Amino acid sequence: MATQITKRMISLLLALFLVSSTLASSDAPFIVAHKKATLTRLKPGIERVSVSIDIYNHGSATAFDVSLTDDSWTKDTFEIVSGNTSMSWERLDAGALVSHAFELDSKVRTLFYGAPAVITFRVPTKAALQEAYSTPILPLDILADKPAEKKFDLALWLAATKLSQAKRLLAQYGSLVSVISIVTLFIYLLASPSSGNAKGGKKKR
């Protein structure tokens with residue numbers, strides 16, 4: 001499912017850039033917008049969504065009264081904690097880039113499909129407002145169970161870390177340990193009963 005959506009996104013982007021190369025030659029603005037969202041687990045039962053939208057004027061003329069609206073975040077699922085879902089700029093010159101970001105919290109476990117953001121702008125040669133759309137985002141699996149493999153990977157990582165530390169200590173103090181082992185073995189041989197008996201037998205002879 002995610003692979004199909006990714007392919008569609010790539011096709012959409014290619015189509016946008018092909019159209020933009022044609023329109024960029026004319027004296028008109030051409031808006032390209034990229035929307036992305038990331039999930040961060042704050043604590044059990046709460047997940048934060050960080051959204052950022054980049055708007056680029058790929059055309060050769062200025063766009064005026066640029067307005068961004070991203071109202072696909074339903075209030076029964078999300079709560080805005082930083083920024084807002086709309087923004088406006090007086091103008092966006094040719095080749096210029098503007099960005100907007102906001103954050104939301106969610107306490108609802110769901111698979112969320114977000115719609116593209118809508119950008120409207122005005123062109124002096126046209127009476128009606130022009131519209132453009134951002135790229136869509138992949139579905140957000142909010143408050144999904146973490147895979148058990150991650151716990152296993154963590155255990156492996158801890159074991160590898162301990163092994164690495166042991167190797168490092170052995171490399172630093174290996175020669176000292178060898179010397180101590182040899183001295184200990186030598187003292188043990190001198191103090192062992194067999195060596196004492198051998199000396200007593202020689203004296204009797």
# chains A, B, ... in the order shown; residues from 1 in each chain; ligands from 1
>>> residues_around(residues="region 59-70 of chain A", least_positions_apart="6", cutoff="6 Å", atoms="only C-alpha atoms", output="PyMOL selection string")
chain A and resi 24+27-30+85-94+117-123
>>> closest_atom_pairs(of="region 103-132 of chain A", to="region 34-48 of chain A", cutoff="9 Å", atoms="only C-alpha atoms", output="CSV")
residue,atom,partner,partner_atom,distance
A:Glu103,CA,A:Arg48,CA,6.9
A:Leu104,CA,A:Arg48,CA,5.7
A:Asp105,CA,A:Arg48,CA,4.4
A:Ser106,CA,A:Glu47,CA,5.4
A:Lys107,CA,A:Ile46,CA,4.9
A:Val108,CA,A:Gly45,CA,7.9
A:Arg109,CA,A:Gly45,CA,8.4
A:Pro116,CA,A:Lys35,CA,7.4
A:Ala117,CA,A:Lys35,CA,7.4
>>> write_last_selection(atoms="C-alpha atoms", output="PDB file, in the first residue's frame")
ATOM      1  CA  GLU A 103       2.667  20.851  15.537  1.00  0.00           C
ATOM      2  CA  LEU A 104      -0.308  18.837  16.717  1.00  0.00           C
ATOM      3  CA  ASP A 105      -0.881  16.257  19.437  1.00  0.00           C
ATOM      4  CA  SER A 106      -3.099  13.214  19.091  1.00  0.00           C
ATOM      5  CA  LYS A 107      -4.485  10.830  21.681  1.00  0.00           C
ATOM      6  CA  VAL A 108      -6.459   8.759  19.177  1.00  0.00           C
ATOM      7  CA  ARG A 109      -5.105   5.547  17.725  1.00  0.00           C
ATOM      8  CA  PRO A 116      -2.691  18.029   0.327  1.00  0.00           C
ATOM      9  CA  ALA A 117      -2.484  21.628   1.520  1.00  0.00           C
TER      10      ALA A 117
END
>>> residues_around(residues="region 95-97 of chain A", least_positions_apart="6", cutoff="6 Å", atoms="only C-alpha atoms", output="PDB file with C-alpha atoms, in the first residue's frame")
ATOM      1  CA  ILE A  55       6.303  26.657  -1.044  1.00  0.00           C
ATOM      2  CA  TYR A  56       8.461  27.519  -4.032  1.00  0.00           C
ATOM      3  CA  ASN A  57       7.710  29.862  -6.930  1.00  0.00           C
ATOM      4  CA  HIS A  58       9.175  27.992  -9.875  1.00  0.00           C
TER       5      HIS A  58
END
>>> atom_distance(atom1="CA of Ile142 (chain A)", atom2="CA of Thr110 (chain A)")
5.4 Å
>>> select_by_dssp(residues="region 56-122 of chain A", states="strand (DSSP E or B)", output="ChimeraX atom specification")
/A:56-57,63-69,78-82,86-92,97-106,110-112,118-122
>>> write_last_selection(atoms="C-alpha atoms", output="PDB file, in the first residue's frame")
ATOM      1  CA  TYR A  56       8.461  27.519  -4.032  1.00  0.00           C
ATOM      2  CA  ASN A  57       7.710  29.862  -6.930  1.00  0.00           C
ATOM      3  CA  ALA A  63       2.743  35.669  -7.100  1.00  0.00           C
ATOM      4  CA  PHE A  64       0.734  38.069  -4.911  1.00  0.00           C
ATOM      5  CA  ASP A  65      -1.540  37.496  -1.898  1.00  0.00           C
ATOM      6  CA  VAL A  66      -0.242  33.975  -1.346  1.00  0.00           C
ATOM      7  CA  SER A  67      -2.332  32.028   1.157  1.00  0.00           C
ATOM      8  CA  LEU A  68      -1.772  28.552   2.617  1.00  0.00           C
ATOM      9  CA  THR A  69      -4.545  26.428   4.142  1.00  0.00           C
ATOM     10  CA  PHE A  78      -5.777  16.392  16.671  1.00  0.00           C
ATOM     11  CA  GLU A  79      -5.076  19.340  18.937  1.00  0.00           C
ATOM     12  CA  ILE A  80      -2.831  22.187  17.739  1.00  0.00           C
ATOM     13  CA  VAL A  81      -0.019  22.843  20.218  1.00  0.00           C
ATOM     14  CA  SER A  82       2.244  25.113  18.152  1.00  0.00           C
ATOM     15  CA  SER A  86      -2.967  28.559   7.789  1.00  0.00           C
ATOM     16  CA  MET A  87      -0.545  31.276   6.745  1.00  0.00           C
ATOM     17  CA  SER A  88      -0.347  34.113   4.229  1.00  0.00           C
ATOM     18  CA  TRP A  89       2.339  36.145   2.495  1.00  0.00           C
ATOM     19  CA  GLU A  90       2.008  39.412   0.631  1.00  0.00           C
ATOM     20  CA  ARG A  91       4.083  38.183  -2.293  1.00  0.00           C
ATOM     21  CA  LEU A  92       6.321  35.377  -3.457  1.00  0.00           C
ATOM     22  CA  LEU A  97      10.946  29.904  -1.169  1.00  0.00           C
ATOM     23  CA  VAL A  98       8.840  30.228   1.995  1.00  0.00           C
ATOM     24  CA  SER A  99       8.183  27.643   4.684  1.00  0.00           C
ATOM     25  CA  HIS A 100       5.528  27.131   7.316  1.00  0.00           C
ATOM     26  CA  ALA A 101       5.429  24.658  10.207  1.00  0.00           C
ATOM     27  CA  PHE A 102       3.086  23.673  13.014  1.00  0.00           C
ATOM     28  CA  GLU A 103       2.667  20.851  15.537  1.00  0.00           C
ATOM     29  CA  LEU A 104      -0.308  18.837  16.717  1.00  0.00           C
ATOM     30  CA  ASP A 105      -0.881  16.257  19.437  1.00  0.00           C
ATOM     31  CA  SER A 106      -3.099  13.214  19.091  1.00  0.00           C
ATOM     32  CA  THR A 110      -5.821   5.649  13.996  1.00  0.00           C
ATOM     33  CA  LEU A 111      -4.376   5.419  10.502  1.00  0.00           C
ATOM     34  CA  PHE A 112      -4.666   8.989   9.240  1.00  0.00           C
ATOM     35  CA  VAL A 118      -4.136  24.280  -0.659  1.00  0.00           C
ATOM     36  CA  ILE A 119      -2.253  27.370  -1.818  1.00  0.00           C
ATOM     37  CA  THR A 120      -4.073  30.281  -3.437  1.00  0.00           C
ATOM     38  CA  PHE A 121      -2.397  33.286  -5.071  1.00  0.00           C
ATOM     39  CA  ARG A 122      -3.182  36.189  -7.329  1.00  0.00           C
TER      40      ARG A 122
END
>>> atom_distance(atom1="CA of Ser72 (chain A)", atom2="CA of Gly114 (chain A)")
6.0 Å
>>> decode(residues="region 23-49 of chain A", atoms="N, CA and C atoms", output="compact mmCIF listing (two decimals), in the first residue's frame")
# COMPACT_ATOMS: atom_id res chain seq x y z
N LEU A 23 5.69 25.99 -18.14
CA LEU A 23 5.13 27.26 -17.71
C LEU A 23 6.20 28.26 -17.30
N ALA A 24 7.35 27.76 -16.86
CA ALA A 24 8.40 28.67 -16.41
C ALA A 24 8.89 29.56 -17.54
N SER A 25 8.75 29.09 -18.78
CA SER A 25 9.21 29.89 -19.92
C SER A 25 8.30 31.08 -20.16
N SER A 26 7.01 31.02 -19.72
CA SER A 26 6.09 32.13 -19.87
C SER A 26 6.22 33.07 -18.68
N ASP A 27 5.69 34.28 -18.82
CA ASP A 27 5.80 35.27 -17.77
C ASP A 27 4.66 35.07 -16.76
N ALA A 28 4.80 34.06 -15.90
CA ALA A 28 3.76 33.74 -14.92
C ALA A 28 4.38 33.00 -13.75
N PRO A 29 3.79 33.14 -12.56
CA PRO A 29 4.28 32.35 -11.43
C PRO A 29 3.82 30.90 -11.53
N PHE A 30 4.60 30.00 -10.95
CA PHE A 30 4.21 28.59 -10.90
C PHE A 30 4.60 28.08 -9.52
N ILE A 31 3.58 27.70 -8.75
CA ILE A 31 3.79 27.33 -7.35
C ILE A 31 3.96 25.82 -7.20
N VAL A 32 5.04 25.42 -6.55
CA VAL A 32 5.30 24.02 -6.21
C VAL A 32 5.43 23.94 -4.68
N ALA A 33 4.66 23.05 -4.06
CA ALA A 33 4.66 22.96 -2.60
C ALA A 33 4.90 21.52 -2.16
N HIS A 34 5.73 21.37 -1.14
CA HIS A 34 6.05 20.04 -0.59
C HIS A 34 5.64 19.99 0.87
N LYS A 35 4.79 19.03 1.20
CA LYS A 35 4.29 18.88 2.57
C LYS A 35 4.83 17.58 3.16
N LYS A 36 5.32 17.67 4.39
CA LYS A 36 5.82 16.46 5.06
C LYS A 36 5.39 16.48 6.53
N ALA A 37 5.24 15.29 7.10
CA ALA A 37 4.81 15.15 8.49
C ALA A 37 5.58 14.02 9.15
N THR A 38 6.00 14.23 10.40
CA THR A 38 6.75 13.21 11.15
C THR A 38 6.07 12.99 12.50
N LEU A 39 6.18 11.76 13.00
CA LEU A 39 5.57 11.38 14.27
C LEU A 39 6.63 11.25 15.36
N THR A 40 6.29 11.72 16.58
CA THR A 40 7.17 11.57 17.73
C THR A 40 6.33 11.13 18.92
N ARG A 41 6.69 10.00 19.52
CA ARG A 41 5.96 9.48 20.68
C ARG A 41 6.45 10.24 21.93
N LEU A 42 5.59 11.11 22.48
CA LEU A 42 5.95 11.88 23.66
C LEU A 42 5.93 11.02 24.92
N LYS A 43 4.85 10.26 25.08
CA LYS A 43 4.68 9.34 26.21
C LYS A 43 3.55 8.40 25.84
N PRO A 44 3.33 7.34 26.60
CA PRO A 44 2.25 6.41 26.26
C PRO A 44 0.90 7.13 26.14
N GLY A 45 0.27 6.97 24.98
CA GLY A 45 -1.04 7.55 24.78
C GLY A 45 -1.05 8.91 24.11
N ILE A 46 0.13 9.50 23.84
CA ILE A 46 0.19 10.81 23.18
C ILE A 46 1.28 10.78 22.11
N GLU A 47 0.91 11.17 20.91
CA GLU A 47 1.88 11.23 19.82
C GLU A 47 1.81 12.62 19.18
N ARG A 48 2.98 13.18 18.89
CA ARG A 48 3.04 14.53 18.29
C ARG A 48 3.32 14.42 16.79
N VAL A 49 2.60 15.25 16.03
CA VAL A 49 2.78 15.32 14.59
C VAL A 49 3.41 16.66 14.26
